[in-house]
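Heads up: the structure comes next, in structure tokens.
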4 protein chains.
Amino acid sequence: MKKNFSLRTDLALEIAEAISEEKREGIEVIEENTDNPKIKVTTVKITGKKAEAETGKPIGTYITLESPCMKENEIAEHEELIKILSEKINSLVSLKKNSCILTVGLGNWNVTPDALGPKVISKILVTRHISSEIPEDIDENVRSVAAVTPGVMGITGIETGEIIMGIVEKIHPDLIIAIDALAARKTSRINSTIQLTDTGVCPGSGVGNRRMELSKRTLNAPVIALGVPTVVDAATLVNDTLDTILQELIDQTTKSTALYQLLADMTDDDKYELIEGILRPDDTNLFVTPKEVDAVVDRLANIISNAINIALHPGITKEDINRYR
Amino acid sequence: MKKNFSLRTDLALEIAEAISEEKREGIEVIEENTDNPKIKVTTVKITGKKAEAETGKPIGTYITLESPCMKENEIAEHEELIKILSEKINSLVSLKKNSCILTVGLGNWNVTPDALGPKVISKILVTRHISSEIPEDIDENVRSVAAVTPGVMGITGIETGEIIMGIVEKIHPDLIIAIDALAARKTSRINSTIQLTDTGVCPGSGVGNRRMELSKRTLNAPVIALGVPTVVDAATLVNDTLDTILQELIDQTTKSTALYQLLADMTDDDKYELIEGILRPDDTNLFVTPKEVDAVVDRLANIISNAINIALHPGITKEDINRYR
Amino acid sequence: MKKNFSLRTDLALEIAEAISEEKREGIEVIEENTDNPKIKVTTVKITGKKAEAETGKPIGTYITLESPCMKENEIAEHEELIKILSEKINSLVSLKKNSCILTVGLGNWNVTPDALGPKVISKILVTRHISSEIPEDIDENVRSVAAVTPGVMGITGIETGEIIMGIVEKIHPDLIIAIDALAARKTSRINSTIQLTDTGVCPGSGVGNRRMELSKRTLNAPVIALGVPTVVDAATLVNDTLDTILQELIDQTTKSTALYQLLADMTDDDKYELIEGILRPDDTNLFVTPKEVDAVVDRLANIISNAINIALHPGITKEDINRYR
Amino acid sequence: MKKNFSLRTDLALEIAEAISEEKREGIEVIEENTDNPKIKVTTVKITGKKAEAETGKPIGTYITLESPCMKENEIAEHEELIKILSEKINSLVSLKKNSCILTVGLGNWNVTPDALGPKVISKILVTRHISSEIPEDIDENVRSVAAVTPGVMGITGIETGEIIMGIVEKIHPDLIIAIDALAARKTSRINSTIQLTDTGVCPGSGVGNRRMELSKRTLNAPVIALGVPTVVDAATLVNDTLDTILQELIDQTTKSTALYQLLADMTDDDKYELIEGILRPDDTNLFVTPKEVDAVVDRLANIISNAINIALHPGITKEDINRYR
């Protein structure tokens, strides 16, 4: 584990936020207005190699939907989110009438906050087996969609990327959509943010270790990644607590004092020592999650699966959504 | 659906039983003695093309363990069954110290009697990811084992065989072990019989439709199939009821009477008409299963997973079994 | 177990059907027309002691909704069924604004076809704890509702009736609504019929043994029982098969022949012998259920829980239904 | 929620640790040696009213088993823990041959870290229904045991205490054993500590709000409570982080400086302001838990259920343990 906890997040938006505007070379941040004040849409574009290296996020587009309603049982807002998300998905891809799409649910179905991907997949309208067998049954309103939940390496003994690649080489999809649970930096973003990107994904980057990347480069087809931060790393929470407090104290201290220097000069390693005093080494395995995570992940899975179903099947209307509820 | 229900079974043993001994050309049936009268082991060998066509079972060996204890909570008998089954597995394969084995759990995890395969997989000792990353961690007592649950075509939209083939072409295992739920003809065999064969398997042949076969021919590696009948087709039960009753009546009827002829001449089609009078067409979807199937499938999964773990990992002892309980 | 399998059903309708119209003394059967031809509503009234003894069903009203759509994903029909069922519930009870209702989910949550009750309870809008703590939060549109899943005696070691009675004596509800899985005689009725009655229920009468009754007599409050047959007893299926075949044969036999007498005179005991020849004693534990029972029970739970929510909370509209989907 | 987060723990041991030895009036802390250095047993006795008020823990005995092995798959240590725990249970109660024991699994089965109680109950050897019906079947090796999972008030709408009291008044047990998930202060204690006490329990004190107490006073029978901390409150973690850092800084600051005073004088309210700057109000709902909590809770449930089974049924031996695994 790298010693500096300070940026344990999968959200391009949080990485951009951490960089002061004037320093954002090759990083565009565009905020959008939606009809609903409760829903915020922000697009982050990584446009240059330098920005890629700095942020650790590949060149491409990262669209973030934020709403406190996601985790609540707010049907009306959910349907708005479904509409916006399906439009955003279509804005990132160009599908033909006969395109075949493979949806992939990443993550460990035995670990509730990591089960988002598998849960979304269980609600995807799967049609590939019908369209390939009895084409006349599929009118032009439905595309050929397949759905798999490869599991995680600890369960299968196989790199998730290898499994996906094996399947891709058999069915040759025109598009891959991967869904995964992510990690955020701010607890306020847990289960309240959906990130959509055209840059692919590294399985297990959220709750786990980074693995072989799933992207156009590795799979020879465009890869859309959808994710929701369902946890905050406990060490990240402690680290941010530390930063906040240090800042508080610095503000209260006259620049002249020796202590001001002591605080201002505190390095990441110094911080790491402090954090280790609070969290045991094996506690880097701890994360912060809300009590009702099981119910919330179900709601998020409904929103994302319905948005995908509507985006992929031109004939599916809001009216049909409940079928897949 | 073929009109003649009369042989809806995946057990080579039941197919052999249905053929009178003198007619069993190319079919060997060998009964074994075990120390425990409650455990019966029978080997059926299909040796010729004619037998293959007649029985619908590929040329090869079919070993059947039968015991009423399987479905009960009889730990002592379970451990005997684990021992016998692991020995039988090893009798069908020859593994090298560095062989890599892929275990595959066939079936639908959402349908309890069809979830045997996925449940077994969840208890397999998976080591491939460790052995490939840090060899020194793996002593010579543990082989490289991977485990996948591909799902069923209705869920994924992809032929299960395609998924397995894709994975096999990536990791090149030396042996594939597939676990599946089966269908039996006799209700007394439900959850009381384990069939082990070296002929491979057709996913979904148990609770579902026959699909692309998994065998040495399709996967270029030997395929061992392990299965337990967890259901009896309702139509099969009704049909057997019918046969029993007709026989009863024939026995009570003097050969001279017209009715004797009527009964004796009754064709499969006649029977089918009768059965349709009892079961609606859409009822061919019905099966017979015991009330406590959920608990029983867990027990069967313990027996089979432990037998596989012991067969594949020479260093694993009976003492270690509980770890995977 | 009583030797005569011939009437293993919890549906008053099936019992009435088994009695020829002229013999239906004290049994009224009223068929209703609904706007939807796919939905059939029948009311059976047991009005006299004699009929009570004959049918084994207590004096009272039994309303049956039948529709093949229940088990399918037919949202429109589901909403019609919800509307009709909620109206029928209100037709059997008279609630005051401040009435307190206890809903009880009977059955074993570990046995899929028996888990209907617990699944319904998980979708009930529970308000009693709010209304008792902060009354102003509860407007006149919501009644005080509690919900419990007592489990089954095999799991708790306690008569389910004792548990319910203990809770009732603590919270003194004005109405008890019990939901349970039932057994039907005809496989065509599995998961296609909802029975609603004001006579209470005997926990475990469906998938299990009859237990202490839950009724006004035992709980000092009216008890509404809602149930769906999720299984057919395997012995019942075999028995009905037998009856059908015997009838077929009787019809084909001239009354003069000895065999006609043999068939016509066949007693229940004779039949029982035959059935025992087909089903082993321990197979009386077997039942017939459809493959996709897990998904179907979820749909039935949605219909019933929404109907109850609407019936109990005057302010809840069809618009709100999805909240509890 | 009370403003001072500083002691959010259910462990008497952690409360005692927080009080300097000289101040521990009416609080005894006795450490025990076990054969296994990995297992630590500590007994805390609250002996006086003053200590009761100070600690917020009722007068009585609190036995704590600590071992890092609990959460791992260490069968040998698990069996030691089962042995020690069953002995400790028996040390707190005196059972007659014909005593009836009610076991109660507190907590919300839908929230993984709160599901410990219900999971333990699912593994308890339940005998009351057998012993009451066919006494001769129960030899003197088995006591009469019942088991219930009442759920939580948010799900039932009923005070958990009311449900238990209602059941207790029906079956009149001689002993109640309640199992619940707890909250700890130190992350290192998560899933590594079992607390056993004779003072009863307040349902929901762990993951939730304090409710009506279950104790001899309210139930007229002795109540043993068994619990494991499965979470740390996120606010507690942040608060302790804060304390650690402030201490660090105080140590580095000369007593003369104004800042030293600023730090030293910082009140709980000041701290609370800081914490609110880091955690949003609704984040008081957040907790810290390990990634593999689902698997770990299963292991803990095995240990506790087996210890209870052995403690209650004199005839049950270590050999039988696996039956209930």
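Identifiers in the structure tokens: chain A, B, ... in order shown; residue index from 1 per chain; ligand index from 1 in order shown.
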Exercise answer, chain A residues close to chain D, 7 Å and only C-alpha atoms, as a CSV table (one decimal) with all heavy atoms, in the first residue's frame:
chain,number,residue,atom,x,y,z
A,110,ASN,N,-20.4,-11.5,-2.4
A,110,ASN,CA,-20.5,-11.8,-1.0
A,110,ASN,C,-20.2,-10.6,-0.1
A,110,ASN,O,-20.3,-10.8,1.2
A,110,ASN,CB,-19.5,-12.9,-0.6
A,110,ASN,CG,-19.9,-14.2,-1.4
A,110,ASN,OD1,-21.0,-14.5,-1.6
A,110,ASN,ND2,-18.8,-15.0,-1.7
A,111,VAL,N,-19.8,-9.5,-0.6
A,111,VAL,CA,-19.4,-8.4,0.2
A,111,VAL,C,-20.4,-7.2,-0.2
A,111,VAL,O,-20.3,-6.6,-1.3
A,111,VAL,CB,-18.0,-7.9,-0.1
A,111,VAL,CG1,-17.7,-6.7,0.7
A,111,VAL,CG2,-17.0,-9.1,0.3
A,188,SER,N,-19.6,12.1,2.5
A,188,SER,CA,-20.9,12.7,2.0
A,188,SER,C,-21.2,12.2,0.6
A,188,SER,O,-22.3,12.3,0.1
A,188,SER,CB,-20.8,14.2,2.0
A,188,SER,OG,-19.7,14.6,1.2
A,234,ALA,N,-11.2,3.6,5.5
A,234,ALA,CA,-11.1,4.2,6.9
A,234,ALA,C,-9.8,5.0,7.1
A,234,ALA,O,-9.9,6.1,7.7
A,234,ALA,CB,-11.1,3.0,7.9
A,238,VAL,N,-9.6,9.0,8.3
A,238,VAL,CA,-8.7,9.4,9.4
A,238,VAL,C,-7.7,10.5,8.9
A,238,VAL,O,-7.5,11.5,9.5
A,238,VAL,CB,-7.9,8.2,10.0
A,238,VAL,CG1,-6.8,8.7,10.9
A,238,VAL,CG2,-8.8,7.2,10.7
A,241,THR,N,-9.5,13.7,8.4
A,241,THR,CA,-9.7,14.3,9.8
A,241,THR,C,-8.5,15.0,10.2
A,241,THR,O,-8.5,16.2,10.6
A,241,THR,CB,-10.0,13.1,10.8
A,241,THR,OG1,-11.0,12.3,10.3
A,241,THR,CG2,-10.4,13.7,12.1
A,278,ILE,N,-3.2,5.2,15.2
A,278,ILE,CA,-4.7,5.1,15.4
A,278,ILE,C,-5.2,3.8,14.7
A,278,ILE,O,-6.0,3.1,15.3
A,278,ILE,CB,-5.4,6.3,14.8
A,278,ILE,CG1,-4.9,7.6,15.5
A,278,ILE,CG2,-6.9,6.2,14.9
A,278,ILE,CD1,-4.9,8.8,14.6
A,280,ARG,N,-4.4,0.1,13.2
A,280,ARG,CA,-3.3,-1.0,13.1
A,280,ARG,C,-3.1,-1.2,11.6
A,280,ARG,O,-4.0,-1.0,10.7
A,280,ARG,CB,-3.8,-2.2,13.7
A,280,ARG,CG,-4.2,-2.1,15.1
A,280,ARG,CD,-3.0,-1.9,16.0
A,280,ARG,NE,-3.4,-2.1,17.4
A,280,ARG,CZ,-3.7,-3.3,18.0
A,280,ARG,NH1,-3.7,-4.4,17.2
A,280,ARG,NH2,-4.0,-3.4,19.2
A,285,ASN,N,-7.6,-2.6,5.9
A,285,ASN,CA,-8.7,-3.4,5.4
A,285,ASN,C,-10.1,-2.9,5.8
A,285,ASN,O,-11.1,-3.4,5.4
A,285,ASN,CB,-8.5,-4.8,5.9
A,285,ASN,CG,-9.5,-5.8,5.3
A,285,ASN,OD1,-10.1,-5.5,4.3
A,285,ASN,ND2,-9.7,-6.9,6.0
A,286,LEU,N,-10.1,-1.8,6.6
A,286,LEU,CA,-11.4,-1.3,7.1
A,286,LEU,C,-12.0,-0.3,6.2
A,286,LEU,O,-11.2,0.5,5.6
A,286,LEU,CB,-11.2,-0.7,8.5
A,286,LEU,CG,-10.8,-1.6,9.6
A,286,LEU,CD1,-10.4,-0.8,10.9
A,286,LEU,CD2,-12.0,-2.5,10.0
A,287,PHE,N,-13.3,-0.2,6.1
A,287,PHE,CA,-13.9,0.9,5.4
A,287,PHE,C,-15.1,1.4,6.1
A,287,PHE,O,-15.6,0.8,7.0
A,287,PHE,CB,-14.2,0.5,3.9
A,287,PHE,CG,-15.2,-0.7,3.8
A,287,PHE,CD1,-16.5,-0.6,4.3
A,287,PHE,CD2,-14.8,-1.8,3.1
A,287,PHE,CE1,-17.3,-1.7,4.1
A,287,PHE,CE2,-15.6,-2.9,2.9
A,287,PHE,CZ,-16.9,-2.8,3.4
A,288,VAL,N,-15.5,2.6,5.7
A,288,VAL,CA,-16.7,3.3,6.3
A,288,VAL,C,-17.9,3.1,5.4
A,288,VAL,O,-17.8,3.4,4.2
A,288,VAL,CB,-16.3,4.8,6.5
A,288,VAL,CG1,-17.5,5.5,7.1
A,288,VAL,CG2,-15.1,4.9,7.3
A,289,THR,N,-19.0,2.7,5.9
A,289,THR,CA,-20.2,2.5,5.1
A,289,THR,C,-21.4,2.7,6.0
A,289,THR,O,-21.3,2.6,7.2
A,289,THR,CB,-20.1,1.0,4.5
A,289,THR,OG1,-21.2,0.9,3.6
A,289,THR,CG2,-20.2,0.0,5.6
A,290,PRO,N,-22.5,3.1,5.3
A,290,PRO,CA,-23.7,3.4,6.1
A,290,PRO,C,-24.4,2.1,6.6
A,290,PRO,O,-24.2,1.0,5.9
A,290,PRO,CB,-24.6,4.2,5.2
A,290,PRO,CG,-24.2,3.8,3.8
A,290,PRO,CD,-22.7,3.4,3.9
A,291,LYS,N,-25.2,2.2,7.7
A,291,LYS,CA,-25.8,1.0,8.3
A,291,LYS,C,-26.7,0.3,7.2
A,291,LYS,O,-26.7,-0.9,7.1
A,291,LYS,CB,-26.6,1.5,9.5
A,291,LYS,CG,-26.8,0.5,10.5
A,291,LYS,CD,-27.7,1.0,11.7
A,291,LYS,CE,-27.1,2.3,12.3
A,291,LYS,NZ,-28.0,3.0,13.2
A,292,GLU,N,-27.5,1.1,6.5
A,292,GLU,CA,-28.5,0.5,5.6
A,292,GLU,C,-28.0,0.2,4.2
A,292,GLU,O,-28.7,0.2,3.2
A,292,GLU,CB,-29.7,1.4,5.5
A,292,GLU,CG,-29.5,2.7,4.8
A,292,GLU,CD,-28.7,3.7,5.6
A,292,GLU,OE1,-28.4,3.4,6.8
A,292,GLU,OE2,-28.4,4.7,5.1
A,294,ASP,N,-27.3,-2.4,2.5
A,294,ASP,CA,-27.9,-3.5,1.7
A,294,ASP,C,-29.1,-2.9,0.9
A,294,ASP,O,-29.2,-3.1,-0.3
A,294,ASP,CB,-28.4,-4.6,2.6
A,294,ASP,CG,-27.3,-5.1,3.6
A,294,ASP,OD1,-26.9,-4.4,4.5
A,294,ASP,OD2,-26.9,-6.3,3.4
Exercise. Any idea what's packed within 6 Å of His313 of chain B, counting only C-alpha atoms, ignoring anything in its chain fewer than 3 positions away? Could you give it as JSON, numbers by chain?
Worked result: {"B": [141, 142, 143, 309, 310, 316]}
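Backbone DSSP over segment 42-86 of chain C gives strand (DSSP E) for C:Thr42, C:Thr43, C:Val44, C:Lys45, C:Ile46, C:Gly60, C:Thr61, C:Tyr62, C:Ile63, C:Thr64, C:Leu65, C:Glu66.
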Can you write out the residues you just picked, keeping N, CA, C and O atoms, as a tab-separated table (two decimals), in the first residue's frame?
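The file below, part-v2.tsv, is the result:
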chain	number	residue	atom	x	y	z
C	42	THR	N	-64.14	-15.62	-7.15
C	42	THR	CA	-65.20	-16.51	-6.68
C	42	THR	C	-65.29	-16.42	-5.17
C	42	THR	O	-64.25	-16.40	-4.49
C	43	THR	N	-66.52	-16.35	-4.64
C	43	THR	CA	-66.70	-16.32	-3.19
C	43	THR	C	-67.40	-17.61	-2.76
C	43	THR	O	-68.42	-17.98	-3.33
C	44	VAL	N	-66.80	-18.30	-1.80
C	44	VAL	CA	-67.41	-19.49	-1.22
C	44	VAL	C	-67.82	-19.14	0.20
C	44	VAL	O	-67.01	-18.59	0.96
C	45	LYS	N	-69.10	-19.41	0.55
C	45	LYS	CA	-69.56	-19.16	1.91
C	45	LYS	C	-69.94	-20.48	2.57
C	45	LYS	O	-70.76	-21.22	2.03
C	46	ILE	N	-69.29	-20.76	3.69
C	46	ILE	CA	-69.67	-21.92	4.51
C	46	ILE	C	-70.63	-21.37	5.56
C	46	ILE	O	-70.25	-20.52	6.38
C	60	GLY	N	-67.72	-19.27	7.46
C	60	GLY	CA	-67.22	-17.94	7.12
C	60	GLY	C	-67.12	-17.76	5.62
C	60	GLY	O	-67.64	-18.58	4.86
C	61	THR	N	-66.45	-16.70	5.22
C	61	THR	CA	-66.36	-16.33	3.80
C	61	THR	C	-64.96	-16.59	3.27
C	61	THR	O	-63.97	-16.26	3.93
C	62	TYR	N	-64.89	-17.18	2.08
C	62	TYR	CA	-63.60	-17.47	1.43
C	62	TYR	C	-63.64	-16.85	0.04
C	62	TYR	O	-64.41	-17.30	-0.81
C	63	ILE	N	-62.84	-15.82	-0.20
C	63	ILE	CA	-62.80	-15.15	-1.50
C	63	ILE	C	-61.56	-15.62	-2.25
C	63	ILE	O	-60.46	-15.62	-1.69
C	64	THR	N	-61.74	-16.04	-3.50
C	64	THR	CA	-60.63	-16.56	-4.29
C	64	THR	C	-60.41	-15.70	-5.53
C	64	THR	O	-61.34	-15.50	-6.30
C	65	LEU	N	-59.21	-15.14	-5.68
C	65	LEU	CA	-58.82	-14.47	-6.92
C	65	LEU	C	-57.99	-15.45	-7.73
C	65	LEU	O	-57.02	-16.01	-7.20
C	66	GLU	N	-58.34	-15.65	-9.00
C	66	GLU	CA	-57.56	-16.54	-9.86
C	66	GLU	C	-57.10	-15.78	-11.08
C	66	GLU	O	-57.90	-15.07	-11.71
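Reported to one decimal place, the separation of atom CA of Glu213 of chain B from atom CA of Ile15 of chain B is 19.5 Å.
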For this session: Would you please give, as JSON, numbers by chain, all residues of segment 45-154 of chain B that DSSP assigns to helix (DSSP H, G or I) based on the backbone?
Result: {"B": [49, 50, 51, 52, 53, 54, 55, 75, 76, 77, 78, 79, 80, 81, 82, 83, 84, 85, 86, 87, 88, 89, 90, 91, 92, 112, 113, 114, 116, 117, 118, 119, 120, 121, 128, 129, 130, 131, 132, 133, 135, 136, 137, 153, 154]}
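The smallest atom-to-atom distance between Thr156 of chain C and any of D:Leu175, D:Cys202, D:Ile101, D:Ile89, using only C-alpha atoms, is found for D:Ile101.
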Problem set entry | Arg299 of chain B surroundings by only C-alpha atoms, 8 Å radius, close-in-sequence under 4 positions cut, as a ChimeraX atom specification | /B:70-73,295,303
Exercise. Can you list, as a ChimeraX atom specification, every protein, DNA or RNA residue that comes within 8 Å of Arg8 of chain A when you count only C-alpha atoms, leaving out same-chain residues fewer than 5 positions away?
Worked result: /A:183-185,233,236
For this session: Quick one: pull the distance between atom CA of Leu219 of chain A and atom CA of Asn108 of chain A, Å, one decimal.
Result: 21.9 Å
Problem set entry | Polymer residues at most 10 Å from Val228 of chain A, only C-alpha atoms, same-chain spacing of 3 or more positions, as a VMD selection string | chain A and resid 10 to 11 64 to 65 113 to 114 116 to 117 179 to 184 189 to 196 206 231 297 300 to 301 304
Export N, CA and C atoms of the chosen residues as a PDB file, in the first residue's frame?
ATOM      1  N   ASP A  10     -11.738   6.892  -6.366  1.00  0.00           N
ATOM      2  CA  ASP A  10     -11.880   6.510  -7.773  1.00  0.00           C
ATOM      3  C   ASP A  10     -12.622   7.574  -8.563  1.00  0.00           C
ATOM      4  N   LEU A  11     -13.021   8.671  -7.919  1.00  0.00           N
ATOM      5  CA  LEU A  11     -13.795   9.708  -8.599  1.00  0.00           C
ATOM      6  C   LEU A  11     -12.879  10.762  -9.216  1.00  0.00           C
ATOM      7  N   THR A  64     -20.176  12.817 -13.837  1.00  0.00           N
ATOM      8  CA  THR A  64     -20.591  12.506 -12.474  1.00  0.00           C
ATOM      9  C   THR A  64     -21.994  13.014 -12.215  1.00  0.00           C
ATOM     10  N   LEU A  65     -22.909  12.127 -11.820  1.00  0.00           N
ATOM     11  CA  LEU A  65     -24.235  12.523 -11.348  1.00  0.00           C
ATOM     12  C   LEU A  65     -24.201  12.490  -9.826  1.00  0.00           C
ATOM     13  N   PRO A 113     -21.129  -4.012   0.097  1.00  0.00           N
ATOM     14  CA  PRO A 113     -20.823  -2.759  -0.609  1.00  0.00           C
ATOM     15  C   PRO A 113     -20.114  -2.991  -1.936  1.00  0.00           C
ATOM     16  N   ASP A 114     -19.622  -4.221  -2.152  1.00  0.00           N
ATOM     17  CA  ASP A 114     -18.918  -4.529  -3.399  1.00  0.00           C
ATOM     18  C   ASP A 114     -19.840  -5.263  -4.383  1.00  0.00           C
ATOM     19  N   LEU A 116     -22.520  -4.179  -5.935  1.00  0.00           N
ATOM     20  CA  LEU A 116     -23.310  -3.337  -6.845  1.00  0.00           C
ATOM     21  C   LEU A 116     -23.324  -3.919  -8.257  1.00  0.00           C
ATOM     22  N   GLY A 117     -22.144  -4.246  -8.780  1.00  0.00           N
ATOM     23  CA  GLY A 117     -22.059  -4.750 -10.159  1.00  0.00           C
ATOM     24  C   GLY A 117     -22.926  -5.984 -10.371  1.00  0.00           C
ATOM     25  N   ILE A 179     -19.846  -2.419 -14.693  1.00  0.00           N
ATOM     26  CA  ILE A 179     -20.373  -1.748 -13.509  1.00  0.00           C
ATOM     27  C   ILE A 179     -19.565  -2.220 -12.300  1.00  0.00           C
ATOM     28  N   ASP A 180     -19.160  -1.264 -11.458  1.00  0.00           N
ATOM     29  CA  ASP A 180     -18.305  -1.610 -10.320  1.00  0.00           C
ATOM     30  C   ASP A 180     -18.606  -0.688  -9.140  1.00  0.00           C
ATOM     31  N   ALA A 181     -18.342  -1.179  -7.940  1.00  0.00           N
ATOM     32  CA  ALA A 181     -18.400  -0.319  -6.754  1.00  0.00           C
ATOM     33  C   ALA A 181     -17.076   0.438  -6.662  1.00  0.00           C
ATOM     34  N   LEU A 182     -17.141   1.694  -6.236  1.00  0.00           N
ATOM     35  CA  LEU A 182     -15.945   2.529  -6.165  1.00  0.00           C
ATOM     36  C   LEU A 182     -15.677   2.951  -4.727  1.00  0.00           C
ATOM     37  N   ALA A 183     -14.553   3.620  -4.538  1.00  0.00           N
ATOM     38  CA  ALA A 183     -14.263   4.236  -3.248  1.00  0.00           C
ATOM     39  C   ALA A 183     -14.226   5.748  -3.449  1.00  0.00           C
ATOM     40  N   ALA A 184     -14.782   6.480  -2.496  1.00  0.00           N
ATOM     41  CA  ALA A 184     -14.739   7.937  -2.550  1.00  0.00           C
ATOM     42  C   ALA A 184     -13.851   8.450  -1.427  1.00  0.00           C
ATOM     43  N   ARG A 189     -20.192  11.612  -0.121  1.00  0.00           N
ATOM     44  CA  ARG A 189     -20.446  11.140  -1.482  1.00  0.00           C
ATOM     45  C   ARG A 189     -20.851   9.667  -1.526  1.00  0.00           C
ATOM     46  N   ILE A 190     -20.741   8.960  -0.398  1.00  0.00           N
ATOM     47  CA  ILE A 190     -21.073   7.532  -0.392  1.00  0.00           C
ATOM     48  C   ILE A 190     -22.510   7.335  -0.865  1.00  0.00           C
ATOM     49  N   ASN A 191     -22.692   6.467  -1.859  1.00  0.00           N
ATOM     50  CA  ASN A 191     -24.022   6.109  -2.374  1.00  0.00           C
ATOM     51  C   ASN A 191     -24.821   7.309  -2.879  1.00  0.00           C
ATOM     52  N   SER A 192     -24.164   8.413  -3.162  1.00  0.00           N
ATOM     53  CA  SER A 192     -24.839   9.620  -3.651  1.00  0.00           C
ATOM     54  C   SER A 192     -24.272  10.090  -4.976  1.00  0.00           C
ATOM     55  N   THR A 193     -23.406   9.317  -5.596  1.00  0.00           N
ATOM     56  CA  THR A 193     -22.692   9.744  -6.789  1.00  0.00           C
ATOM     57  C   THR A 193     -22.581   8.582  -7.769  1.00  0.00           C
ATOM     58  N   ILE A 194     -22.879   8.864  -9.040  1.00  0.00           N
ATOM     59  CA  ILE A 194     -22.637   7.863 -10.086  1.00  0.00           C
ATOM     60  C   ILE A 194     -21.604   8.426 -11.042  1.00  0.00           C
ATOM     61  N   GLN A 195     -20.517   7.698 -11.276  1.00  0.00           N
ATOM     62  CA  GLN A 195     -19.506   8.115 -12.256  1.00  0.00           C
ATOM     63  C   GLN A 195     -19.628   7.254 -13.495  1.00  0.00           C
ATOM     64  N   LEU A 196     -19.611   7.934 -14.634  1.00  0.00           N
ATOM     65  CA  LEU A 196     -19.739   7.282 -15.940  1.00  0.00           C
ATOM     66  C   LEU A 196     -18.539   7.723 -16.767  1.00  0.00           C
ATOM     67  N   GLY A 206     -11.952  -0.343  -6.646  1.00  0.00           N
ATOM     68  CA  GLY A 206     -12.746   0.219  -5.555  1.00  0.00           C
ATOM     69  C   GLY A 206     -12.432  -0.473  -4.245  1.00  0.00           C
ATOM     70  N   VAL A 231     -18.200   3.062  -0.434  1.00  0.00           N
ATOM     71  CA  VAL A 231     -17.411   3.099   0.799  1.00  0.00           C
ATOM     72  C   VAL A 231     -16.407   4.248   0.763  1.00  0.00           C
ATOM     73  N   VAL A 297     -27.817  -0.285  -1.798  1.00  0.00           N
ATOM     74  CA  VAL A 297     -27.213  -0.871  -3.003  1.00  0.00           C
ATOM     75  C   VAL A 297     -28.305  -1.392  -3.932  1.00  0.00           C
ATOM     76  N   LEU A 300     -29.598   1.658  -5.837  1.00  0.00           N
ATOM     77  CA  LEU A 300     -28.628   2.090  -6.849  1.00  0.00           C
ATOM     78  C   LEU A 300     -28.647   1.130  -8.031  1.00  0.00           C
ATOM     79  N   ALA A 301     -28.772  -0.168  -7.727  1.00  0.00           N
ATOM     80  CA  ALA A 301     -28.808  -1.169  -8.800  1.00  0.00           C
ATOM     81  C   ALA A 301     -30.041  -0.960  -9.681  1.00  0.00           C
ATOM     82  N   ILE A 304     -29.284   2.202 -12.004  1.00  0.00           N
ATOM     83  CA  ILE A 304     -28.283   1.950 -13.050  1.00  0.00           C
ATOM     84  C   ILE A 304     -28.799   0.924 -14.057  1.00  0.00           C
TER      85      ILE A 304
END
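With atom CA of Lys83 of chain C on one side and atom CA of Asp35 of chain C on the other, the separation reads 12.1 Å.
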